[in-house]
Amino acid sequence: MAFDLEEQEQLASFKAWWNQYGNLLSWVLIAALAAYSGWTGWNYYQRTQATQASQLYDELQKAVVAKDNVKVQRAAGDMQTRFKGTAYAQMSALTAAKSAFDTNDLGAAKTQLQWAIEHGDAEYKAIARLRLAGVLLDEKSYDAALAALAGETPAQFIGNVADRKGDILAAQGKSVEARASYQAALAATDKKNPGHQLIELKLEGLGAPEVKAAP
């Protein structure tokens, strides 16, 4: 009998506790289950997106090898529409830009590079800006080329940007400004980098710096 009374007391205590906290506990459990379900669902979605983007990027690369620029551009467009948030979209934009440039489709090349500038991370943006400035330089759109290089530059690309600015300024006949850009590029480029010697050659190509006559 004592055992029965003890059980009844425990049951009564539990009922009292449940009446006070049961509803709250139920909502906490529901919220936890919903959060877990959302987390696992998101991870599954991310994995699925990455797998599908990888497959599409493989198709794009095959089109590059086949030198089928039309198919390359189509695959890149699909990638940017369906998988804009993946690294594959940024890579596809740069790859498609090169494919377009190699087939003299400069309009498509500029479009792809602009997409990478607008949607890529810092490194992809820097690469796209450099390449876009190069295309515009070939077109002799010097002001637009300089504008393409404007903006914040990751540290590892500072030398490249200064070098490209030097190319643009030299093409404009602005030797003093070009020299300053090349010197800045040299300062930011490791001497072991093959590009360092090329920049030195560009400086030499500008000739001796102008010397102002004494008043």
# chains A, B, ... in the order shown; residues from 1 in each chain; ligands from 1
>>> residues_around(residues="region 88-103 of chain A", least_positions_apart="5", cutoff="7 Å", atoms="only C-alpha atoms", output="MDAnalysis selection string")
chainID A and resid 53:54 57 64 69 72:73 76 79:80 83 108:110 112:113 115:116 120 124 128
>>> atom_distance(atom1="CA of Gly134 (chain A)", atom2="CA of Asn104 (chain A)")
13.6 Å
>>> residues_around(residues="Lys202 (chain A)", least_positions_apart="5", cutoff="10 Å", atoms="only C-alpha atoms", output="ChimeraX atom specification")
/A:163,166-167,170,178-179,182,197,207
>>> closest_residue(among="A:Glu123, A:Asp105, A:Asp78, A:Glu200", to="Ala184 (chain A)", atoms="only C-alpha atoms")
A:Glu200
